[in-house]
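**Q** The structure follows.
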Amino acid sequence: MLIINGQIVIWGHDGRIIKNGALLVDNDRIADIGDTSDFLDRYQGQEVIDARGHLVMPGNICAHTHFYGAFARGLSIPGSPPVDFPEILQRLWWQLDQILTEEDVRFSALVCLVDAIKHGTTTLIDHHASASNVEGSLDIVAQAVQQSGLRSVLCYEVSDRHGEHYTKAGINENLRFLKAIGGGDSHDRLRGMFGLHASMSLSDATLEACAMAVPSDIGFHIHVAEHNADQENSLDRSGLSVVERLHKFGILGPDTIAAHCVYLSPAEIDIMAETETWVTHQPRSNMNNGVGVAEVDQMLNKGVQVGLGNDGFSNNMWSEWKTAYLLHKVAHKDPRMASGNTIVDMGVNNNSELASRLFNTAPVGVLEVGAYADIIIVDYESTTPLTYGNLPWHIIFGFESGMVNTTICAGKVLMRDRQLLFLDEIEITERSRDLAGAAWKRFYNTE
């Protein structure tokens, strides 16, 4: 397949935009990058996608999300509004995850995957929970991912919050799924991690059991200090901060994702840098839950690898870019915070390095020869001059939902001219609406 007549965005230290550029895709990889006129002569007889002068970019990556939360959109919590994040967990999320059926799990994932394709997000790192349907739940999500054609990393969040049986079920589901996808070409778009909820819902015994059970080449995916309650619980329980406690049990490291990290001390930030643990920033979620603002600039300056996720919000990752860009300026009353280049470091460079490490067979989230062919075409008509140097600000101030014209993952065209080719959006939306309505009735009966 040839993609021609594009403005090809090559991110990175030698970043540039190739005008009138072309890409050759061979199976699931990028095979060549160059000039359109040269490629039309050199590679004849290929299927051709004409980018018509628009931006050709690597597919976006979401470094932390929750497919299972899709049915919460529009769901009101009975009674007075929750006063803080722990109450939101108790009254919303820990109620919702208990009433999801297997079909709810499937369609929660499918509606998120439809949304991802439409917004050009081709890789998603998910963190799943469905307390009444633990065993086999990751297979259900994986089947939805395979059906969509997207790329995903899955795990089940282990927690002690529903008792010992639930804890063991979560551990077993992670191990079962990791073994199931342990090898074979059929799983090139799937990877697994070992999910943990958060320090505050995990005993020492559970942390030790998980650390001993996890395969040596697999990392953890865990919420860290999203709210100060996590820190208070850790100090009361162990006399250690959250990061110190997790480090003691061997949870941190270069294959582990620590989501949020809103309440970290300078010493904890140093530990995150020393252990090369990945941090993901979810500004829309942090604002919505009123938990505070992570010290992203400080973490990056100390060498922490910080990426961007969405925590289950829409898969328009450029909305996450915009929110991060604005939030840190107002929070610090300093317009120098979270510059456009900082946002690119998180949303492109660090997300790409994280995904490439997890998939470990080819680069992910970059346009370069040998990388996975995860590509989007964006219909952005700039009203001012556009260069590589000012592209971050065009994205932050100019890109809107619906500008993605074509989405390709692993060399397969999933959406062309805004038409989904393999998922039936209308059918999925209608079925989701019916299932969510039934789930809401169960939710209100358990509240």
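Residues in the structure tokens are numbered from 1 in each chain, the chains being A, B, ... in the order shown, and ligands are numbered from 1 in the order shown.
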Using only C-alpha atoms, determine which residues lie at most 12 Å from Arg284 (chain A), disregarding the query and same-chain residues fewer than 6 positions distant; provide the list as a ChimeraX atom specification.
**A** /A:65,260,290-294,308-328
**Q** Mind listing the strand (DSSP E or B) residues of region 126-323 of chain A, per DSSP on the backbone, as a ChimeraX atom specification?
**A** /A:126,128,151-154,156,158,190-192,194-198,220-224,257-260,278-281,305-308
**Q** With a distance cut-off of 9 Å and only C-alpha atoms, select the neighbouring residues of Gly389 (chain A), excluding the residue or stretch itself and same-chain residues fewer than 4 positions from it, and output the selection as a PyMOL selection string.
**A** chain A and resi 15-16+393
**Q** The selected residues should be written to file as a compact mmCIF listing (two decimals), in the first residue's frame (atoms: C-alpha atoms).
**A**
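Printed below is selection_1.txt as written:
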```
# COMPACT_ATOMS: atom_id res chain seq x y z
CA GLY A 15 11.96 15.93 13.49
CA ARG A 16 10.65 17.35 10.24
CA TRP A 393 0.75 24.75 18.92
```
**Q** In Å, rounded to a single decimal, give me how far CA of Met287 (chain A) is from CA of Val242 (chain A).
**A**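 Value for the CA of Val242 (chain A)-CA of Met287 (chain A) distance: 21.6 Å.
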**Q** Taking a cut-off of 7 Å and counting only C-alpha atoms, can you build a table that, for each residue of region 6-66 of chain A near region 397-419 of chain A, reports the nearest atom pair and how far apart they are in Å (one decimal), sorted by chain then residue number, as a tab-separated table?
**A**
```
residue	atom	partner	partner_atom	distance
A:Val25	CA	A:Gly411	CA	6.3
A:Asn27	CA	A:Gly411	CA	5.7
A:Asp28	CA	A:Ala410	CA	4.2
A:Arg29	CA	A:Gly411	CA	6.4
```
**Q** Near Pro266 (chain A), within 12 Å and counting only C-alpha atoms, which residues show up once chain neighbours fewer than 4 positions away are dropped, as number ranges by chain?
**A** A: 241, 243, 261-262, 270-273, 294-296, 298-299, 301-302, 304
**Q** Quick one, how far is CA of Lys19 (chain A) from CA of Asn351 (chain A)?
**A**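 Pair CA of Lys19 (chain A) / CA of Asn351 (chain A) returns 25.2 Å.
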**Q** Just checking: using only C-alpha atoms, which residue out of A:Asn133, A:Ser199, A:Ser265, A:Asn445 ends up closest to Asp160 (chain A)?
**A**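 Closest to Asp160 (chain A), using only C-alpha atoms: A:Ser199.
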**Q** Quick one: pull the distance between CA of Cys210 (chain A) and CA of Leu354 (chain A), Å, one decimal.
**A**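 Here the two named atoms are 22.0 Å from each other.
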**Q** Which residues are near Asp35 (chain A)? Cut-off 12 Å, only C-alpha atoms, ignore same chain within fewer than 4 positions. Put them as a list of chain:residue names.
**A**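 That gives A:Leu2, A:Ile3, A:Ile4, A:Asn5, A:Gly6, A:Gln7, A:Ile8, A:Ile17, A:Ile18, A:Lys19, A:Asn20, A:Gly21, A:Ala22, A:Leu23, A:Leu24, A:Phe39, A:Leu40, A:Asp41, A:Arg42, A:Tyr43.
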**Q** Let's have the selection written as a PDB file, in the first residue's frame, with C-alpha atoms.
**A**
```
ATOM      1  CA  LEU A   2       1.226   3.486  -0.894  1.00  0.00           C
ATOM      2  CA  ILE A   3       0.184   6.634   0.926  1.00  0.00           C
ATOM      3  CA  ILE A   4       1.010   9.589  -1.315  1.00  0.00           C
ATOM      4  CA  ASN A   5       0.740  13.396  -1.442  1.00  0.00           C
ATOM      5  CA  GLY A   6       1.004  13.773   2.323  1.00  0.00           C
ATOM      6  CA  GLN A   7       2.725  16.115   4.730  1.00  0.00           C
ATOM      7  CA  ILE A   8       4.505  13.352   6.627  1.00  0.00           C
ATOM      8  CA  ILE A  17       7.657  17.462   7.941  1.00  0.00           C
ATOM      9  CA  ILE A  18       8.211  15.889   4.524  1.00  0.00           C
ATOM     10  CA  LYS A  19       6.213  17.910   2.011  1.00  0.00           C
ATOM     11  CA  ASN A  20       4.605  15.922  -0.809  1.00  0.00           C
ATOM     12  CA  GLY A  21       5.800  12.809   0.991  1.00  0.00           C
ATOM     13  CA  ALA A  22       4.933   9.157   0.570  1.00  0.00           C
ATOM     14  CA  LEU A  23       4.939   6.005   2.698  1.00  0.00           C
ATOM     15  CA  LEU A  24       5.192   2.411   1.554  1.00  0.00           C
ATOM     16  CA  PHE A  39       7.549   6.376  -5.126  1.00  0.00           C
ATOM     17  CA  LEU A  40       4.908   6.352  -7.867  1.00  0.00           C
ATOM     18  CA  ASP A  41       7.614   5.371 -10.341  1.00  0.00           C
ATOM     19  CA  ARG A  42       9.383   2.952  -8.004  1.00  0.00           C
ATOM     20  CA  TYR A  43       6.425   1.107  -6.484  1.00  0.00           C
TER      21      TYR A  43
END
```
**Q** Counting only C-alpha atoms, which residue out of A:Ala259, A:Leu252, A:Met1, A:Leu423 sits closest to Lys118 (chain A)?
**A**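 For Lys118 (chain A), the nearest of the given residues is A:Leu423.
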**Q** Pick out the closest residue to Asp26 (chain A) from this set: A:Glu425, A:Glu173, A:Glu164, A:Glu47. Count only C-alpha atoms.
**A**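 That would be A:Glu47, the residue with the smallest distance to Asp26 (chain A).
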**Q** Neighbours of Asn172 (chain A) within 10 Å (only C-alpha atoms; same-chain residues fewer than 4 positions away dropped), as a ChimeraX atom specification?
**A** /A:134-136,156,158,166-168,176-178,210,213
**Q** Would you export the selected residues with C-alpha atoms as a short mmCIF file (atom, residue, chain, number, x, y, z; two decimals), in the first residue's frame, please?
**A**
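Result file result-v6.cif:
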```
data_model
loop_
_atom_site.label_atom_id
_atom_site.label_comp_id
_atom_site.auth_asym_id
_atom_site.auth_seq_id
_atom_site.Cartn_x
_atom_site.Cartn_y
_atom_site.Cartn_z
CA VAL A 134 -13.24 -11.83 36.59
CA GLU A 135 -12.20 -15.13 35.01
CA GLY A 136 -12.00 -14.82 31.24
CA TYR A 156 -6.81 -6.98 35.41
CA VAL A 158 -5.93 -6.86 41.57
CA TYR A 166 -11.55 -11.52 44.60
CA THR A 167 -7.86 -10.93 45.21
CA LYS A 168 -6.95 -14.46 44.12
CA ARG A 176 -3.98 -16.85 32.83
CA PHE A 177 -4.14 -14.10 30.21
CA LEU A 178 -0.39 -13.60 30.12
CA CYS A 210 1.86 -10.44 43.14
CA ALA A 213 3.79 -14.42 40.82
#
```
**Q** Using only C-alpha atoms, pick whichever of A:Arg433, A:Tyr444, A:His127, A:Pro215 has the shortest atom-to-atom distance to Phe71 (chain A).
**A**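 Ranked by minimum distance to Phe71 (chain A), first place goes to A:Arg433.
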